[in-house]
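Trainee: Have a look at this one before I ask anything.
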Amino acid sequence: MIQLAHRLDLIKPSSSLAAMTRAKALIAAGVDVCNLTAGEPEFATPLHIVEAAYAALLGGETKYTSVDGTMALKRAICEKFRRENGLEFDPEQISVGAGAKQVLYNVLTCTINDGDEVVIPAPYWVSYPDIVRLNGGKPVFIKPQAGQNFKITPAQLAAAITPRTKWLLINSPNNPSGAVYSARELRAIGEVLEDAPHVGVITDDVYEYLVYDDARFTTFAQANPRLAHRTVTVNSVSKAFAMTGWRLGYAGAPAPLIKEMAKLQSQTSGNPAAVTQAAAVAALQGPRAFVADWNRQYQERRDAIVSRLDGKHGLRCPSPQGAFFAYVSCDAVMGMTTPGGRRIDTDDDFVMFLLNDHLVASVQGSAYGISPAFRLSFAASLNVIEKACDRILLACSTLSRG
Ligand code: PLP
């Protein structure tokens, strides 16, 4: 019998990936499931990026590269940060890994000592707490109060900071709530951190392009240039360019940290795939026209979900300002009973009821730290979204009290 390491007790499989796998298995078995679990665009990677990858393969870019990214890619990332975010980096301040997930992992492995605290506003991306725990750190959650649009206040942040706080982890636009922090709100958070010089900021900007209505994306260091020396700006080509399967993320940060991240990566995965790096150069340097077209479609789908669900059967579905998820509060159905006699006590129960009895796949809010709620992805076709909403409403109408 192989004995497993105790550190595995600290983590669980990603709930969103588990829900997606469950839905895909049912669909493969021929079941007509409306799958709203996906954390990825269903659009194809734009053709010019695929062509650049093909050309790179034909040109022999099939070997090891420098461990944390080619110089061509690091330069393209510096240029992207300068052009789109107003941030100045040199190539030695850039790290490239196999997705934002690996880059975040590297940052935390290189900086967290046992017991160090990482402040994470809820709801949060499922992987943050587990990555912190795997590295011996302690996640400290802040729950926004009602009426705060899923955003923390400066006072809440100030109250959460202790002498052990190492990082504040900001994700805007947010998975799963769609909240987008304005430049003014980021500056107010920055003011709190001016008085806490031991705290750094990791900002996860992977949904940068996905903003709607009058929301504008600003990254933390852009709003707080005085804190740039203790900010790590993480981004990825996954969601921006429909490249989730290519696996490429990157960070801009002070050079000494970047150097340590390269050391760590040299002893773990090595370089991200050479062909993917070539594709990422084409993505970062290429046209952005498709972004407006995709966002128009996302916005139409978002509006379809919000208009169908908000206020029906007590469900509350605030309109997300960014990313491609709706975070639906399902307080009203707690304690109700299904026609089959099962009581709905948690959002896990509700999500399983929706899947098993009404063939809608979603992810339970307990995975994201704010319950009872469930996450619906609108990175799915309008047709599937409308059908899913009809099924959810039908499901709610069958529940009874007592
Ligand atoms: N950060 C957030 C908030 C995400 O939602 C995801 C993916 O779902 C990631 C990071 C991971 O991105 P990548 O595919 O670049 O690893």
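So you can find residues: chains in the structure tokens are A, B, ... in the order shown, residues in each start at 1, and ligands are numbered from 1 in order.
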For ligand 1, collect every residue having any atom at a distance of at most 8 Å from a ligand atom (counting only C-alpha atoms and all ligand atoms); output as a CSV table (one decimal) with N, CA and C atoms, in the first residue's frame.
Mentor:
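Okay, result.csv is ready:
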```csv
chain,number,residue,atom,x,y,z
A,39,GLY,N,-15.7,27.0,-17.1
A,39,GLY,CA,-14.9,28.2,-16.8
A,39,GLY,C,-14.1,28.6,-18.0
A,40,GLU,N,-14.6,28.3,-19.2
A,40,GLU,CA,-13.8,28.7,-20.3
A,40,GLU,C,-14.7,29.1,-21.5
A,98,ALA,N,2.8,27.7,-17.0
A,98,ALA,CA,1.7,26.9,-17.7
A,98,ALA,C,0.4,27.3,-17.1
A,99,GLY,N,-0.1,28.6,-17.4
A,99,GLY,CA,-1.3,29.1,-16.9
A,99,GLY,C,-1.1,30.0,-15.7
A,100,ALA,N,-2.1,30.8,-15.5
A,100,ALA,CA,-2.1,31.7,-14.3
A,100,ALA,C,-2.1,30.8,-13.0
A,101,LYS,N,-2.7,29.7,-13.1
A,101,LYS,CA,-2.7,28.8,-11.9
A,101,LYS,C,-1.3,28.4,-11.5
A,102,GLN,N,-0.4,28.1,-12.4
A,102,GLN,CA,1.0,27.7,-12.1
A,102,GLN,C,1.7,29.0,-11.6
A,103,VAL,N,1.5,30.1,-12.2
A,103,VAL,CA,2.2,31.3,-11.8
A,103,VAL,C,1.8,31.7,-10.4
A,124,TYR,N,-14.6,33.7,-3.9
A,124,TYR,CA,-13.2,33.6,-4.5
A,124,TYR,C,-13.1,32.4,-5.4
A,125,TRP,N,-12.2,32.5,-6.3
A,125,TRP,CA,-11.9,31.4,-7.2
A,125,TRP,C,-11.5,30.2,-6.4
A,171,ASN,N,-9.1,39.7,-7.2
A,171,ASN,CA,-9.5,39.1,-8.5
A,171,ASN,C,-10.6,39.9,-9.0
A,174,ASN,N,-14.3,39.4,-11.2
A,174,ASN,CA,-14.2,38.3,-10.2
A,174,ASN,C,-14.9,37.0,-10.7
A,175,ASN,N,-14.3,35.9,-10.5
A,175,ASN,CA,-14.9,34.6,-10.6
A,175,ASN,C,-15.2,34.1,-9.2
A,176,PRO,N,-16.4,34.0,-8.8
A,176,PRO,CA,-17.6,33.8,-9.5
A,176,PRO,C,-18.6,34.9,-9.6
A,204,ASP,N,-5.1,39.1,-9.7
A,204,ASP,CA,-5.4,38.1,-10.7
A,204,ASP,C,-6.3,38.7,-11.8
A,205,ASP,N,-5.8,39.1,-12.9
A,205,ASP,CA,-6.5,39.8,-13.9
A,205,ASP,C,-6.9,39.0,-15.1
A,206,VAL,N,-7.1,37.7,-14.9
A,206,VAL,CA,-7.4,36.9,-16.1
A,206,VAL,C,-8.7,37.2,-16.9
A,207,TYR,N,-9.6,37.9,-16.2
A,207,TYR,CA,-10.9,38.3,-16.9
A,207,TYR,C,-10.8,39.7,-17.4
A,235,ASN,N,-1.7,37.5,-15.1
A,235,ASN,CA,-2.6,37.4,-16.2
A,235,ASN,C,-2.4,36.1,-17.0
A,236,SER,N,-3.2,36.0,-18.0
A,236,SER,CA,-3.2,34.7,-18.7
A,236,SER,C,-3.8,34.9,-20.1
A,237,VAL,N,-3.4,34.0,-21.0
A,237,VAL,CA,-4.1,34.1,-22.3
A,237,VAL,C,-5.3,33.2,-22.4
A,238,SER,N,-5.6,32.5,-21.3
A,238,SER,CA,-6.7,31.5,-21.3
A,238,SER,C,-8.1,32.1,-21.7
A,239,LYS,N,-8.5,33.0,-20.8
A,239,LYS,CA,-9.9,33.5,-21.0
A,239,LYS,C,-9.9,34.6,-22.1
A,243,MET,N,-7.9,30.4,-25.0
A,243,MET,CA,-6.7,29.5,-25.1
A,243,MET,C,-6.5,28.7,-23.8
A,244,THR,N,-7.6,28.3,-23.2
A,244,THR,CA,-7.5,27.6,-21.9
A,244,THR,C,-6.7,26.3,-22.0
A,245,GLY,N,-6.8,25.6,-23.2
A,245,GLY,CA,-6.1,24.4,-23.3
A,245,GLY,C,-4.6,24.5,-23.7
A,247,ARG,N,-2.4,26.5,-22.1
A,247,ARG,CA,-1.8,26.6,-20.9
A,247,ARG,C,-0.6,27.6,-20.9
A,248,LEU,N,-1.0,28.9,-20.7
A,248,LEU,CA,0.0,29.9,-20.6
A,248,LEU,C,-0.5,31.1,-19.7
A,249,GLY,N,0.2,31.4,-18.6
A,249,GLY,CA,-0.1,32.5,-17.8
A,249,GLY,C,1.2,33.3,-17.6
```
Trainee: Got a sec to tell me which of region 45-289 of chain A DSSP assigns to alpha helix (DSSP H), as an NGL selection string?
Mentor: :A and (47-58 or 71-80 or 100-111 or 127-134 or 154-160 or 183-194 or 220-223 or 255-266 or 274-285 or 289)
Trainee: Using only C-alpha atoms, find each residue of region 180-277 of chain A with at least one atom at most 8 Å away from an atom of region 86-92 of chain A; report its shortest atom-to-atom pair and that distance in Å (one decimal), sort the rows by chain and rising residue number, and return the result as a tab-separated table.
Mentor:
```
residue	atom	partner	partner_atom	distance
A:Ala221	CA	A:Leu87	CA	7.4
A:Gln222	CA	A:Gly86	CA	6.3
A:Gly252	CA	A:Phe89	CA	6.8
A:Ala255	CA	A:Glu92	CA	5.7
A:Ile258	CA	A:Glu92	CA	7.2
A:Lys259	CA	A:Glu92	CA	7.8
```
Trainee: For the residues selected in the previous step, produce a file with N, CA, C and O atoms as a PDB file, in the first residue's frame.
Mentor:
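Once written, again.pdb looks like this:
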```pdb
ATOM      1  N   ALA A 221      -1.896  47.931  -9.666  1.00  0.00           N
ATOM      2  CA  ALA A 221      -0.696  48.775  -9.679  1.00  0.00           C
ATOM      3  C   ALA A 221      -0.894  50.037 -10.515  1.00  0.00           C
ATOM      4  O   ALA A 221      -0.241  51.055 -10.273  1.00  0.00           O
ATOM      5  N   GLN A 222      -1.805  49.966 -11.472  1.00  0.00           N
ATOM      6  CA  GLN A 222      -2.127  51.141 -12.285  1.00  0.00           C
ATOM      7  C   GLN A 222      -2.821  52.189 -11.408  1.00  0.00           C
ATOM      8  O   GLN A 222      -2.531  53.380 -11.503  1.00  0.00           O
ATOM      9  N   GLY A 252       3.932  39.968 -13.814  1.00  0.00           N
ATOM     10  CA  GLY A 252       4.921  41.039 -13.717  1.00  0.00           C
ATOM     11  C   GLY A 252       5.124  41.320 -12.240  1.00  0.00           C
ATOM     12  O   GLY A 252       4.145  41.482 -11.491  1.00  0.00           O
ATOM     13  N   ALA A 255      11.989  42.004  -9.787  1.00  0.00           N
ATOM     14  CA  ALA A 255      12.925  41.014 -10.350  1.00  0.00           C
ATOM     15  C   ALA A 255      13.403  39.952  -9.347  1.00  0.00           C
ATOM     16  O   ALA A 255      13.524  38.773  -9.722  1.00  0.00           O
ATOM     17  N   ILE A 258      10.820  37.254  -9.263  1.00  0.00           N
ATOM     18  CA  ILE A 258      10.759  36.568 -10.562  1.00  0.00           C
ATOM     19  C   ILE A 258      11.904  35.553 -10.677  1.00  0.00           C
ATOM     20  O   ILE A 258      11.726  34.434 -11.161  1.00  0.00           O
ATOM     21  N   LYS A 259      13.065  35.936 -10.179  1.00  0.00           N
ATOM     22  CA  LYS A 259      14.237  35.044 -10.267  1.00  0.00           C
ATOM     23  C   LYS A 259      14.003  33.762  -9.454  1.00  0.00           C
ATOM     24  O   LYS A 259      14.307  32.651  -9.892  1.00  0.00           O
TER      25      LYS A 259
END
```
Trainee: Residues at most 8 Å from region 8-17 of chain A, counting only C-alpha atoms, excluding those fewer than 4 positions away in the same chain, as a ChimeraX atom specification?
Mentor: /A:4,21,37-39,126-127,130,133-134,363,367
Trainee: Write the residues you've just listed into a file as a short mmCIF file (atom, residue, chain, number, x, y, z; two decimals), in the first residue's frame, and include N, CA and C atoms for each of them.
Mentor:
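Once written, selection32.cif looks like this:
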```
data_model
loop_
_atom_site.label_atom_id
_atom_site.label_comp_id
_atom_site.auth_asym_id
_atom_site.auth_seq_id
_atom_site.Cartn_x
_atom_site.Cartn_y
_atom_site.Cartn_z
N LEU A 4 0.12 7.99 1.37
CA LEU A 4 0.09 9.33 0.76
C LEU A 4 0.54 10.39 1.76
N THR A 21 -16.63 17.86 -15.01
CA THR A 21 -16.37 16.47 -15.40
C THR A 21 -17.66 15.64 -15.31
N THR A 37 -21.40 24.85 -16.28
CA THR A 37 -20.28 24.78 -15.31
C THR A 37 -18.99 25.35 -15.89
N ALA A 38 -18.94 25.54 -17.21
CA ALA A 38 -17.64 25.78 -17.85
C ALA A 38 -16.98 27.08 -17.41
N GLY A 39 -15.71 26.99 -17.11
CA GLY A 39 -14.92 28.18 -16.78
C GLY A 39 -14.08 28.60 -17.96
N VAL A 126 -12.05 29.01 -6.69
CA VAL A 126 -11.93 27.82 -5.83
C VAL A 126 -10.48 27.45 -5.48
N SER A 127 -9.54 27.77 -6.34
CA SER A 127 -8.18 27.27 -6.11
C SER A 127 -7.37 28.09 -5.10
N ASP A 130 -6.83 26.59 -1.47
CA ASP A 130 -6.07 25.34 -1.47
C ASP A 130 -4.61 25.57 -1.83
N ARG A 133 -3.05 26.88 1.31
CA ARG A 133 -2.89 25.81 2.32
C ARG A 133 -1.76 24.86 1.94
N LEU A 134 -1.68 24.50 0.67
CA LEU A 134 -0.62 23.56 0.24
C LEU A 134 0.76 24.12 0.53
N VAL A 363 -22.43 25.02 -10.44
CA VAL A 363 -21.48 24.74 -9.34
C VAL A 363 -22.02 25.37 -8.05
N ALA A 367 -18.36 26.13 -2.76
CA ALA A 367 -17.00 26.04 -3.30
C ALA A 367 -16.33 27.41 -3.34
#
```
Trainee: Just how far from CA of Thr219 (chain A) is CA of Val192 (chain A), in Å to one decimal?
Mentor: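 It comes out at 16.7 Å.
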Trainee: Leaving out Thr111 (chain A) and any residue of its chain fewer than 4 positions from it, which residues lie within 12 Å of it when counting only C-alpha atoms, given as a ChimeraX atom specification?
Mentor: /A:104-107,115-118,132,135-137,165-167,199-200,202,232,256-258,260-261,264
Trainee: Between A:Gly97, A:Pro173, A:Gly402, A:Pro139, which is the closest to Leu73 (chain A) once you count only C-alpha atoms?
Mentor: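 Among A:Gly97, A:Pro173, A:Gly402, A:Pro139, it is A:Gly97 that comes nearest to Leu73 (chain A).
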Trainee: When distances are computed from only C-alpha atoms, which of A:Val67, A:Leu26, A:Ala228, A:Val31 shows the smallest separation from Gln267 (chain A)?
Mentor: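 Of all the options, A:Val67 lies closest to Gln267 (chain A).
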